[in-house]
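Trainee: This is structure.txt, which holds compact mmCIF, C-alpha atoms:
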```
# COMPACT_ATOMS: atom_id res chain seq x y z
CA MET A 156 0.00 0.00 0.00
CA SER A 157 1.30 3.44 -0.94
CA LEU A 158 1.96 5.92 1.83
CA THR A 159 -0.28 8.99 1.77
CA PHE A 160 1.16 12.49 1.96
CA HIS A 161 -0.75 15.68 2.65
CA TRP A 162 0.54 19.26 2.51
CA PHE A 163 -0.60 22.35 4.43
CA LEU A 164 -2.37 25.55 3.39
CA PRO A 165 -1.06 28.43 5.55
CA THR A 166 -4.33 30.31 6.00
CA ASN A 167 -2.59 32.38 8.68
CA GLY A 168 -0.05 33.71 6.15
CA ASP A 169 3.27 32.46 4.88
CA SER A 170 6.89 33.57 5.08
CA ARG A 171 10.49 32.55 4.56
CA ASP A 172 10.62 32.61 8.37
CA VAL A 173 8.49 30.62 10.82
CA VAL A 174 5.09 32.24 11.27
CA VAL A 175 4.51 32.47 15.00
CA GLY A 176 1.14 31.59 16.48
CA GLY A 177 -1.39 28.91 17.28
CA HIS A 178 -2.79 27.34 20.43
CA GLY A 179 -3.65 30.64 22.01
CA SER A 180 -0.54 32.57 20.94
CA PRO A 181 -1.18 35.37 18.42
CA ALA A 182 0.20 35.27 14.89
CA THR A 183 3.10 37.59 14.13
CA THR A 184 3.57 40.09 11.34
CA SER A 185 5.82 37.62 9.48
CA GLY A 186 2.60 36.05 8.25
CA ARG A 187 2.03 39.20 6.25
CA ASP A 188 5.07 38.51 4.06
CA ARG A 189 2.76 36.41 1.92
CA PRO A 190 -0.86 37.07 2.89
CA PRO A 191 -3.21 34.07 2.68
CA THR A 192 -5.00 35.20 -0.44
CA VAL A 193 -7.03 32.72 -2.47
CA ALA A 194 -4.57 33.26 -5.32
CA TYR A 195 -1.52 32.35 -3.24
CA LEU A 196 -3.16 29.45 -1.43
CA SER A 197 -4.35 28.12 -4.80
CA GLN A 198 -0.79 28.30 -6.08
CA ILE A 199 0.34 26.12 -3.17
CA ALA A 200 -2.60 23.76 -3.68
CA ARG A 201 -1.88 23.30 -7.38
CA ALA A 202 1.79 22.63 -6.65
CA ALA A 203 0.85 20.04 -4.01
CA GLU A 204 -1.56 18.40 -6.43
CA ASP A 205 1.01 18.18 -9.22
CA LEU A 206 3.71 16.84 -6.91
CA GLY A 207 1.57 13.97 -5.64
CA PHE A 208 0.17 15.08 -2.31
CA VAL A 209 -3.29 13.63 -1.72
CA GLY A 210 -4.70 16.44 0.40
CA ALA A 211 -3.95 19.70 2.16
CA LEU A 212 -4.65 20.49 5.81
CA THR A 213 -6.09 23.85 6.79
CA PRO A 214 -5.87 25.01 10.42
CA THR A 215 -8.65 26.37 12.59
CA GLY A 216 -8.74 29.11 15.21
CA ALA A 217 -8.69 32.83 15.70
CA TRP A 218 -5.21 33.15 14.20
CA CYS A 219 -6.18 32.10 10.65
CA GLU A 220 -8.86 32.39 7.99
CA ASP A 221 -11.94 30.18 8.19
CA ALA A 222 -11.10 26.74 6.82
CA TRP A 223 -14.50 25.88 5.31
CA LEU A 224 -14.81 29.05 3.27
CA THR A 225 -11.19 29.16 2.19
CA THR A 226 -11.01 25.57 0.98
CA ALA A 227 -14.33 25.91 -0.85
CA MET A 228 -12.79 28.78 -2.82
CA VAL A 229 -9.44 27.09 -3.40
CA SER A 230 -11.10 23.85 -4.52
CA ARG A 231 -12.27 25.62 -7.67
CA HIS A 232 -8.64 26.03 -8.72
CA THR A 233 -7.68 22.36 -8.30
CA GLU A 234 -8.90 19.07 -9.74
CA ARG A 235 -7.79 16.15 -7.58
CA LEU A 236 -6.45 17.57 -4.30
CA LYS A 237 -8.53 16.83 -1.22
CA PHE A 238 -8.97 19.30 1.63
CA LEU A 239 -8.43 18.23 5.23
CA VAL A 240 -10.64 20.87 6.82
CA ALA A 241 -10.00 21.46 10.52
CA PHE A 242 -13.10 22.48 12.43
CA ARG A 243 -14.32 22.65 16.01
CA PRO A 244 -17.54 20.77 16.69
CA GLY A 245 -18.67 23.12 19.45
CA PHE A 246 -19.17 26.04 17.08
CA VAL A 247 -21.88 24.61 14.80
CA SER A 248 -24.71 22.13 15.28
CA PRO A 249 -24.00 18.54 14.24
CA THR A 250 -26.87 18.61 11.74
CA LEU A 251 -25.51 21.73 10.06
CA ALA A 252 -21.96 20.30 10.02
CA ALA A 253 -23.22 17.08 8.42
CA GLN A 254 -25.11 19.13 5.83
CA MET A 255 -22.07 21.34 5.13
CA ALA A 256 -19.92 18.26 4.59
CA ALA A 257 -22.47 16.73 2.22
CA THR A 258 -22.67 19.97 0.24
CA PHE A 259 -18.87 20.23 0.07
CA GLN A 260 -18.65 16.67 -1.25
CA ARG A 261 -21.15 17.32 -4.03
CA HIS A 262 -19.63 20.61 -5.17
CA SER A 263 -16.00 19.47 -4.92
CA GLY A 264 -16.41 16.01 -6.39
CA GLY A 265 -15.88 14.18 -3.10
CA ARG A 266 -12.70 15.96 -2.00
CA LEU A 267 -13.47 16.68 1.66
CA LEU A 268 -11.65 15.19 4.66
CA LEU A 269 -12.50 16.34 8.18
CA ASN A 270 -9.97 17.10 10.90
CA VAL A 271 -12.03 17.32 14.10
CA VAL A 272 -10.38 19.65 16.64
CA THR A 273 -12.05 19.61 20.04
CA GLY A 274 -10.15 22.70 21.20
CA GLY A 275 -7.51 22.73 23.91
CA GLU A 276 -7.56 26.39 24.92
CA SER A 277 -10.49 27.51 27.06
CA GLN A 278 -9.66 31.20 26.59
CA GLU A 279 -10.02 30.96 22.83
CA GLN A 280 -13.10 28.75 23.10
CA ARG A 281 -14.79 31.35 25.30
CA ALA A 282 -14.17 33.99 22.65
CA TYR A 283 -16.44 31.92 20.41
CA GLY A 284 -19.07 31.50 23.11
CA ASP A 285 -18.01 28.05 24.32
CA PHE A 286 -17.63 27.83 28.11
CA LEU A 287 -17.25 24.08 28.62
CA ASP A 288 -14.10 22.74 30.23
CA LYS A 289 -11.74 20.48 28.29
CA ASP A 290 -13.16 17.08 29.32
CA ALA A 291 -16.71 18.29 28.71
CA ARG A 292 -15.68 19.47 25.24
CA TYR A 293 -14.50 15.95 24.43
CA ARG A 294 -17.76 14.44 25.69
CA ARG A 295 -19.62 16.90 23.48
CA THR A 296 -17.42 15.90 20.53
CA ASP A 297 -18.39 12.29 21.16
CA GLU A 298 -22.08 13.16 20.97
CA PHE A 299 -21.47 15.41 17.96
CA LEU A 300 -19.72 12.74 15.92
CA ASP A 301 -22.32 10.16 16.85
CA VAL A 302 -25.04 12.38 15.37
CA VAL A 303 -23.02 13.25 12.28
CA ARG A 304 -22.11 9.63 11.57
CA GLN A 305 -25.75 8.55 11.79
CA LEU A 306 -26.90 11.39 9.54
CA TRP A 307 -24.31 10.46 6.94
CA LYS A 308 -25.81 6.96 6.90
CA GLY A 309 -29.18 8.44 6.02
CA LYS A 310 -30.71 7.81 9.41
CA ALA A 311 -33.12 10.04 11.32
CA VAL A 312 -31.60 11.11 14.62
CA ASP A 313 -33.07 12.05 17.97
CA LEU A 314 -30.64 12.80 20.76
CA HIS A 315 -31.10 14.28 24.20
CA GLY A 316 -27.52 14.13 25.38
CA GLU A 317 -25.44 15.77 28.06
CA HIS A 318 -24.47 18.65 25.76
CA LEU A 319 -26.40 18.28 22.49
CA ARG A 320 -30.05 17.90 21.66
CA VAL A 321 -31.58 17.27 18.23
CA GLU A 322 -35.01 16.04 17.24
CA GLY A 323 -35.97 14.58 13.88
CA ALA A 324 -32.61 15.39 12.32
CA ARG A 325 -32.15 14.01 8.81
CA LEU A 326 -30.24 14.88 5.65
CA THR A 327 -32.14 15.09 2.38
CA ARG A 328 -28.94 14.05 0.57
CA VAL A 329 -26.11 12.11 2.21
CA PRO A 330 -22.49 12.77 1.24
CA GLU A 331 -20.89 10.61 -1.41
CA PRO A 332 -18.39 9.48 -0.44
CA VAL A 333 -18.70 9.86 3.32
CA PRO A 334 -15.78 12.09 4.45
CA GLU A 335 -13.09 10.39 6.48
CA VAL A 336 -12.63 11.73 10.00
CA TYR A 337 -9.15 12.63 11.23
CA PHE A 338 -8.76 13.09 14.96
CA GLY A 339 -5.94 13.66 17.42
CA GLY A 340 -5.49 13.99 21.15
CA SER A 341 -3.20 12.65 23.84
CA SER A 342 -5.44 12.71 26.91
CA PRO A 343 -7.38 9.62 28.07
CA VAL A 344 -10.75 11.08 27.07
CA ALA A 345 -9.37 12.03 23.63
CA GLY A 346 -8.22 8.46 23.09
CA GLU A 347 -11.69 7.14 23.84
CA VAL A 348 -13.30 9.51 21.33
CA ALA A 349 -10.71 8.61 18.68
CA ALA A 350 -11.28 4.90 19.21
CA ARG A 351 -15.04 5.31 18.72
CA HIS A 352 -15.14 7.69 15.78
CA ALA A 353 -11.85 8.33 13.95
CA ASP A 354 -10.84 6.83 10.62
CA VAL A 355 -7.33 8.25 11.01
CA TYR A 356 -5.67 9.03 14.33
CA LEU A 357 -3.20 11.91 14.02
CA THR A 358 -0.27 12.54 16.32
CA TRP A 359 2.22 15.37 16.30
CA GLY A 360 5.79 14.50 15.40
CA GLU A 361 7.20 12.97 18.55
CA PRO A 362 10.24 10.65 18.51
CA PRO A 363 9.44 7.20 17.09
CA ALA A 364 9.39 5.45 20.46
CA GLN A 365 6.71 7.81 21.76
CA VAL A 366 4.73 7.52 18.54
CA ALA A 367 4.85 3.72 18.84
CA GLU A 368 3.39 3.96 22.34
CA LYS A 369 0.53 6.13 21.07
CA ILE A 370 -0.24 3.77 18.22
CA ALA A 371 -0.37 0.80 20.59
CA TRP A 372 -2.62 2.74 22.97
CA ILE A 373 -5.16 3.76 20.31
CA ARG A 374 -5.08 0.37 18.62
CA GLY A 375 -5.94 -1.26 21.92
CA LEU A 376 -8.82 1.12 22.59
CA ALA A 377 -10.19 0.63 19.08
CA ALA A 378 -9.86 -3.16 19.23
CA ARG A 379 -12.19 -3.24 22.23
CA ARG A 380 -14.82 -1.75 19.92
CA ASN A 381 -13.98 -4.06 17.02
CA ARG A 382 -12.61 -1.12 15.06
CA THR A 383 -9.35 -0.58 13.18
CA LEU A 384 -7.86 2.84 12.46
CA ARG A 385 -5.14 4.20 10.25
CA PHE A 386 -2.45 6.41 11.75
CA GLY A 387 -0.90 9.66 10.63
CA VAL A 388 1.77 12.06 11.85
CA ARG A 389 1.89 15.85 11.56
CA LEU A 390 5.38 17.23 10.89
CA HIS A 391 7.24 20.14 9.33
CA VAL A 392 10.02 19.34 6.91
CA ILE A 393 13.32 20.89 5.78
CA THR A 394 14.88 18.73 3.08
CA ARG A 395 17.76 19.64 0.75
CA ASP A 396 20.28 18.02 -1.57
CA THR A 397 22.71 17.60 1.32
CA SER A 398 22.35 17.32 5.08
CA ALA A 399 24.57 20.39 5.53
CA GLN A 400 22.24 22.51 3.41
CA ALA A 401 19.18 21.37 5.35
CA TRP A 402 20.71 22.07 8.75
CA ALA A 403 21.96 25.44 7.53
CA GLU A 404 18.35 26.32 6.74
CA ALA A 405 17.22 25.13 10.18
CA ASP A 406 19.94 27.29 11.75
CA ARG A 407 18.80 30.27 9.68
CA LEU A 408 15.25 29.86 10.94
CA LEU A 409 16.50 29.49 14.51
CA ASP A 410 18.63 32.64 14.23
CA GLY A 411 15.46 34.53 13.33
CA PHE A 412 13.75 33.66 16.61
CA ASP A 413 13.80 36.75 18.79
CA PRO A 414 14.46 35.71 22.43
CA GLN A 415 11.67 37.91 23.70
CA THR A 416 9.24 36.30 21.26
CA VAL A 417 10.35 32.83 22.33
CA ARG A 418 9.76 33.69 25.99
CA ALA A 419 6.34 35.18 25.27
CA VAL A 420 5.21 32.25 23.14
CA GLN A 421 6.47 29.68 25.62
CA ALA A 422 4.72 31.46 28.49
CA GLY A 423 1.46 31.34 26.56
CA LEU A 424 1.85 27.71 25.51
CA ALA A 425 2.70 26.70 29.09
CA ARG A 426 -0.88 27.66 30.01
CA SER A 427 -2.32 25.34 27.37
CA GLU A 428 -4.74 22.65 28.54
CA SER A 429 -3.70 20.41 25.65
CA GLU A 430 -1.85 17.25 26.65
CA GLY A 431 -0.37 17.12 23.15
CA GLN A 432 0.95 20.66 23.53
CA ARG A 433 2.50 19.75 26.87
CA ARG A 434 4.29 16.86 25.19
CA MET A 435 5.55 19.19 22.47
CA LEU A 436 6.94 21.61 25.05
CA ALA A 437 8.73 18.81 26.85
CA LEU A 438 10.68 17.96 23.69
CA HIS A 439 12.66 21.21 23.83
CA GLY A 440 12.57 21.78 27.57
CA GLY A 441 10.13 24.69 27.49
CA GLY A 442 12.22 27.03 25.37
CA SER A 443 15.79 25.79 25.41
CA ARG A 444 17.80 26.19 22.20
CA GLU A 445 20.12 23.37 23.21
CA ARG A 446 19.82 19.77 22.03
CA LEU A 447 16.99 20.48 19.61
CA GLU A 448 17.74 17.39 17.52
CA ILE A 449 15.73 15.02 19.69
CA HIS A 450 16.09 12.01 17.37
CA PRO A 451 18.20 11.64 14.23
CA ASN A 452 16.88 14.26 11.77
CA LEU A 453 13.97 15.21 14.09
CA TRP A 454 14.29 18.87 15.15
CA ALA A 455 12.17 20.52 17.86
CA GLY A 456 13.09 24.09 16.93
CA ILE A 457 9.77 25.03 15.32
CA GLY A 458 8.03 24.52 18.66
CA LEU A 459 10.00 27.38 20.23
CA VAL A 460 7.76 29.91 18.48
CA ARG A 461 4.78 27.97 17.13
CA GLY A 462 1.96 26.22 18.91
CA GLY A 463 0.73 22.83 17.82
CA ALA A 464 3.04 20.79 15.63
CA GLY A 465 6.53 21.85 16.69
CA THR A 466 8.94 19.36 15.14
CA ALA A 467 10.50 19.05 11.69
CA LEU A 468 12.28 16.37 9.72
CA VAL A 469 15.62 17.94 8.75
CA GLY A 470 18.23 16.42 6.48
CA SER A 471 19.16 15.33 3.00
CA HIS A 472 16.47 13.81 0.82
CA ASP A 473 17.77 10.34 1.60
CA GLU A 474 17.85 11.02 5.35
CA VAL A 475 14.32 12.38 5.37
CA ALA A 476 13.17 9.36 3.34
CA ASP A 477 14.85 7.15 5.97
CA ARG A 478 12.89 8.85 8.76
CA VAL A 479 9.64 8.50 6.82
CA GLU A 480 10.38 4.81 6.44
CA GLU A 481 11.13 4.56 10.16
CA TYR A 482 7.70 6.00 11.03
CA GLN A 483 6.07 3.80 8.41
CA ALA A 484 7.55 0.73 10.08
CA LEU A 485 5.76 1.72 13.30
CA GLY A 486 2.38 1.80 11.56
CA ILE A 487 2.15 5.38 10.26
CA ASP A 488 0.27 5.40 6.95
CA GLU A 489 -0.22 9.13 6.40
CA PHE A 490 2.07 12.16 6.72
CA VAL A 491 0.70 15.69 7.03
CA LEU A 492 3.63 17.97 6.22
CA SER A 493 4.47 21.66 5.95
CA GLY A 494 7.49 23.94 5.59
CA TYR A 495 8.47 27.58 5.22
CA PRO A 496 7.68 28.94 2.74
CA HIS A 497 5.03 26.41 1.87
CA LEU A 498 5.26 26.81 -1.89
CA GLU A 499 9.00 26.25 -2.18
CA GLU A 500 9.20 23.57 0.53
CA ALA A 501 6.48 21.56 -1.22
CA TYR A 502 8.79 21.32 -4.23
CA TRP A 503 11.83 20.41 -2.15
CA PHE A 504 9.96 17.47 -0.62
CA GLY A 505 7.92 16.56 -3.67
CA GLU A 506 10.85 16.51 -6.07
CA GLY A 507 13.51 15.40 -3.58
CA VAL A 508 11.97 12.87 -1.20
CA LEU A 509 8.92 11.41 -2.95
CA PRO A 510 10.92 9.96 -5.90
CA ARG A 511 13.20 8.22 -3.40
CA LEU A 512 10.21 6.73 -1.59
CA ALA A 513 8.79 5.64 -4.94
CA ALA A 514 12.07 3.88 -5.72
CA ARG A 515 11.78 2.03 -2.40
CA GLY A 516 8.26 0.89 -3.25
CA LEU A 517 6.70 2.97 -0.46
CA TRP A 518 4.87 5.56 -2.54
CA ARG A 519 3.24 6.06 -5.91
CA HIS A 520 1.81 9.20 -7.45
CA PRO A 521 -1.98 9.42 -6.90
CA SER A 522 -2.48 10.06 -10.61
CA GLY A 523 -1.20 6.55 -11.31
CA ASP A 524 1.23 7.90 -13.89
CA PRO A 525 4.84 6.85 -13.15
CA ALA A 526 6.06 9.73 -15.31
CA ALA A 527 4.47 12.15 -12.82
CA VAL A 528 7.18 11.37 -10.28
CA ALA A 529 9.62 14.25 -10.65
CA SER A 530 13.33 13.92 -10.05
CA ALA A 531 14.87 17.37 -10.46
CA VAL A 532 15.13 19.87 -7.61
CA PRO A 533 14.51 23.38 -9.01
CA PHE A 534 16.17 25.18 -6.11
CA ALA A 535 19.39 23.15 -6.08
CA GLY A 536 22.41 25.10 -4.95
CA THR A 537 20.46 27.80 -3.10
CA GLY A 538 20.84 26.13 0.32
```
What do you get writing this file as structure tokens?

Mentor:
Amino acid sequence: MSLTFHWFLPTNGDSRDVVVGGHGSPATTSGRDRPPTVAYLSQIARAAEDLGFVGALTPTGAWCEDAWLTTAMVSRHTERLKFLVAFRPGFVSPTLAAQMAATFQRHSGGRLLLNVVTGGESQEQRAYGDFLDKDARYRRTDEFLDVVRQLWKGKAVDLHGEHLRVEGARLTRVPEPVPEVYFGGSSPVAGEVAARHADVYLTWGEPPAQVAEKIAWIRGLAARRNRTLRFGVRLHVITRDTSAQAWAEADRLLDGFDPQTVRAVQAGLARSESEGQRRMLALHGGGSRERLEIHPNLWAGIGLVRGGAGTALVGSHDEVADRVEEYQALGIDEFVLSGYPHLEEAYWFGEGVLPRLAARGLWRHPSGDPAAVASAVPFAGTG
């Protein structure tokens, strides 16, 4: 089976430097270097589509543009690329969300994937009118996905739950195909929700040993319900012709991190209720610039200034392909990747790493055309 690769649409803006923000920390002005216009995001999406990425993740939150609206617009400028739309189930009713997904599938030709984000920051949730605590939000997500799943099967739904209530809910037209649900979370209650509802469990890019523990944990929870899941990992990537070039780029990004900004971001992230965010912070010691290579070619530097996914695969194309293969051996089927700037880094990975994975029999271009696998790196020699 071919590995699946997704790219990222920076709906919070793009830059040659790391765009700060996420998980309660505000975005910085570096995101204005390349504003998230439909034209620019469509350029990234078309590049990802041509290179062989299956889908593109869009974030959710106050720091970025709305994912539903943006991807609906960008989808008109692509043909095959799917859109992994992140959304928070507490902000819309389950019936409306199920209807939105069905509409998206019809108008896009079945190119919607759903990344369900329960929301780990109570302060940001309250700004949207949501005053539940973290565990209650996960219980609501459980009810939400139960309703949505039944509606997608064409069933009529009545629910008088702890947090949600619907009567006589039904879709006049069900989605075709039914969107796959991607879900992440490191807390016990998150694991239970994932085991019941997820098609793909996503983890942030922790070292392989920790990822293996998560996979075993979720597999066990799902097995009790006679379910099987696929697994994915969310990572940044810096890949170049040589290892020296890749690490030089990582050092350049690190040199651009203002110490005051690092302290401010880390202070904000330290207040996060997210267990996954806590695990990310632990990888770099809460702001230390020392020993950021936490596993061969796995760099925790991004997490100094960015919430959420904070690690990157850094190295030559062969080294990055080796790390992909290492995660694949653990049970990871899907990789959700990003890099700064997102247009250029898509080409570095797509033309540098994907052909090597194809040669190893681990990947094939979604178009099915072997000639679509590129081999030249257009930015060679620029470092």

Trainee: Could you check which of A:Pro334, A:Gly516, A:Gly316, A:Pro191 is closest to Arg294 (chain A), using only C-alpha atoms?

Mentor: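 Nearest to Arg294 (chain A): A:Gly316.
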
Trainee: From the list A:Val333, A:Ala202, A:Val173, A:Leu158, which residue is nearest Asp406 (chain A) when using only C-alpha atoms?

Mentor: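 Ranking A:Val333, A:Ala202, A:Val173, A:Leu158 by distance to Asp406 (chain A), first place goes to A:Val173.
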
Trainee: Applying 12 Å and all atoms listed in the file, which residues near Arg407 (chain A) remain after dropping the ones on its own chain fewer than 6 positions away? List them as an mmCIF file with C-alpha atoms, in the coordinates of the input.

Mentor:
```cif
data_model
loop_
_atom_site.group_PDB
_atom_site.id
_atom_site.type_symbol
_atom_site.label_atom_id
_atom_site.label_comp_id
_atom_site.auth_asym_id
_atom_site.auth_seq_id
_atom_site.Cartn_x
_atom_site.Cartn_y
_atom_site.Cartn_z
ATOM 1 C CA ARG A 171 10.490 32.550 4.560
ATOM 2 C CA ASP A 172 10.620 32.610 8.370
ATOM 3 C CA VAL A 173 8.490 30.620 10.820
ATOM 4 C CA ILE A 393 13.320 20.890 5.780
ATOM 5 C CA GLN A 400 22.240 22.510 3.410
ATOM 6 C CA ALA A 401 19.180 21.370 5.350
ATOM 7 C CA GLY A 456 13.090 24.090 16.930
ATOM 8 C CA ILE A 457 9.770 25.030 15.320
ATOM 9 C CA TYR A 495 8.470 27.580 5.220
ATOM 10 C CA GLY A 538 20.840 26.130 0.320
#
```

Trainee: Could you tell me how far CA of Ile199 (chain A) sits from CA of Trp518 (chain A), in Å to one decimal place?

Mentor: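 Value for the CA of Trp518 (chain A)-CA of Ile199 (chain A) distance: 21.1 Å.
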
Trainee: Skip Ile373 (chain A) itself and residues of its chain fewer than 6 positions away, then list as number ranges by chain all residues within 12 Å of it, counting only C-alpha atoms.

Mentor: A: 338-358, 366-367, 379-380, 382-386, 486

Trainee: Just the residues within 9 Å of Thr397 (chain A), please, counting only C-alpha atoms, with nothing from its chain fewer than 6 positions along; format it as a tab-separated table (two decimals) with C-alpha atoms, in the coordinates of the input.

Mentor:
```
chain	number	residue	atom	x	y	z
A	470	GLY	CA	18.23	16.42	6.48
A	471	SER	CA	19.16	15.33	3.00
A	472	HIS	CA	16.47	13.81	0.82
A	473	ASP	CA	17.77	10.34	1.60
A	538	GLY	CA	20.84	26.13	0.32
```

Trainee: Pick from A:Gly441, A:Pro496, A:Gly323, A:Gly505: nearest to Gly168 (chain A), with only C-alpha atoms counted?

Mentor: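 Smallest separation from Gly168 (chain A) among the options: A:Pro496.
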
Trainee: Within 8 Å of Val388 (chain A), counting all atoms listed in the file, which residues qualify if same-chain residues fewer than 3 places away don't, as a PyMOL selection string?

Mentor: chain A and resi 357-360+487+489-491

Trainee: Output C-alpha atoms of each residue in that selection to a file, as an mmCIF file, keeping the file's coordinate frame.

Mentor:
```
data_model
loop_
_atom_site.group_PDB
_atom_site.id
_atom_site.type_symbol
_atom_site.label_atom_id
_atom_site.label_comp_id
_atom_site.auth_asym_id
_atom_site.auth_seq_id
_atom_site.Cartn_x
_atom_site.Cartn_y
_atom_site.Cartn_z
ATOM 1 C CA LEU A 357 -3.200 11.910 14.020
ATOM 2 C CA THR A 358 -0.270 12.540 16.320
ATOM 3 C CA TRP A 359 2.220 15.370 16.300
ATOM 4 C CA GLY A 360 5.790 14.500 15.400
ATOM 5 C CA ILE A 487 2.150 5.380 10.260
ATOM 6 C CA GLU A 489 -0.220 9.130 6.400
ATOM 7 C CA PHE A 490 2.070 12.160 6.720
ATOM 8 C CA VAL A 491 0.700 15.690 7.030
#
```

Trainee: Excluding Gly465 (chain A) and any residue of its chain fewer than 6 positions from it, enumerate the residues within 12 Å of it, using only C-alpha atoms, and give them as a CSV table (one decimal) with C-alpha atoms, in the frame of the given file.

Mentor:
```
chain,number,residue,atom,x,y,z
A,173,VAL,CA,8.5,30.6,10.8
A,174,VAL,CA,5.1,32.2,11.3
A,175,VAL,CA,4.5,32.5,15.0
A,176,GLY,CA,1.1,31.6,16.5
A,177,GLY,CA,-1.4,28.9,17.3
A,178,HIS,CA,-2.8,27.3,20.4
A,358,THR,CA,-0.3,12.5,16.3
A,359,TRP,CA,2.2,15.4,16.3
A,360,GLY,CA,5.8,14.5,15.4
A,361,GLU,CA,7.2,13.0,18.6
A,362,PRO,CA,10.2,10.6,18.5
A,388,VAL,CA,1.8,12.1,11.8
A,389,ARG,CA,1.9,15.8,11.6
A,390,LEU,CA,5.4,17.2,10.9
A,391,HIS,CA,7.2,20.1,9.3
A,392,VAL,CA,10.0,19.3,6.9
A,421,GLN,CA,6.5,29.7,25.6
A,424,LEU,CA,1.8,27.7,25.5
A,431,GLY,CA,-0.4,17.1,23.2
A,432,GLN,CA,1.0,20.7,23.5
A,433,ARG,CA,2.5,19.8,26.9
A,434,ARG,CA,4.3,16.9,25.2
A,435,MET,CA,5.6,19.2,22.5
A,436,LEU,CA,6.9,21.6,25.0
A,437,ALA,CA,8.7,18.8,26.8
A,438,LEU,CA,10.7,18.0,23.7
A,439,HIS,CA,12.7,21.2,23.8
A,441,GLY,CA,10.1,24.7,27.5
A,442,GLY,CA,12.2,27.0,25.4
A,447,LEU,CA,17.0,20.5,19.6
A,449,ILE,CA,15.7,15.0,19.7
A,453,LEU,CA,14.0,15.2,14.1
A,454,TRP,CA,14.3,18.9,15.2
A,455,ALA,CA,12.2,20.5,17.9
A,456,GLY,CA,13.1,24.1,16.9
A,457,ILE,CA,9.8,25.0,15.3
A,458,GLY,CA,8.0,24.5,18.7
A,459,LEU,CA,10.0,27.4,20.2
A,492,LEU,CA,3.6,18.0,6.2
A,493,SER,CA,4.5,21.7,6.0
A,494,GLY,CA,7.5,23.9,5.6
```

Trainee: Take CA of Glu220 (chain A) and CA of His262 (chain A) and report the distance between them in Å, one decimal.

Mentor: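 Going from CA of Glu220 (chain A) over to CA of His262 (chain A), I get 20.7 Å.
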
Trainee: Mind giving me the straight-line distance from CA of Thr466 (chain A) to CA of Thr296 (chain A) in Å, one decimal?

Mentor: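 CA of Thr296 (chain A) lies 27.1 Å from CA of Thr466 (chain A).
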
Trainee: Between A:Leu267, A:Leu287, A:Ala311, A:Val329, which has the minimum distance to Leu212 (chain A) (counting only C-alpha atoms)?

Mentor: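 Closest residue, counting only C-alpha atoms: A:Leu267.
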
Trainee: With all atoms listed in the file as the basis for distance, which of A:Gly210, A:Asn167, A:Tyr482, A:Thr416 is at the shortest distance from Pro190 (chain A)?

Mentor: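 Among the listed residues, the smallest separation from Pro190 (chain A) belongs to A:Asn167.
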
Trainee: When distances are computed from only C-alpha atoms, which of A:Trp372, A:Trp162, A:Phe238, A:Phe259 shows the smallest separation from Leu206 (chain A)?

Mentor: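 Among A:Trp372, A:Trp162, A:Phe238, A:Phe259, it is A:Trp162 that comes nearest to Leu206 (chain A).
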
Trainee: Using only C-alpha atoms, list the residues that have an atom at most 8 Å from (-6.2, 22.1, 8.1), coordinates as in the file, as a list in words.

Mentor: Phe163, Leu164, Ala211, Leu212, Thr213, Pro214, Thr215, Ala222, Phe238, Leu239, Val240, Ala241 and Asn270 of chain A

Trainee: Give me, as a tab-separated table, the closest atom pair and its distance (Å, one decimal) for every residue of region 297-325 of chain A within a cut-off of 9 Å of region 250-258 of chain A, counting only C-alpha atoms, rows sorted by chain and rising number.

Mentor:
```
residue	atom	partner	partner_atom	distance
A:Phe299	CA	A:Thr250	CA	8.8
A:Val302	CA	A:Thr250	CA	7.4
A:Val303	CA	A:Ala253	CA	5.4
A:Arg304	CA	A:Ala253	CA	8.2
A:Leu306	CA	A:Ala253	CA	6.9
A:Trp307	CA	A:Ala253	CA	6.9
A:Val321	CA	A:Thr250	CA	8.1
A:Ala324	CA	A:Thr250	CA	6.6
A:Arg325	CA	A:Thr250	CA	7.6
```
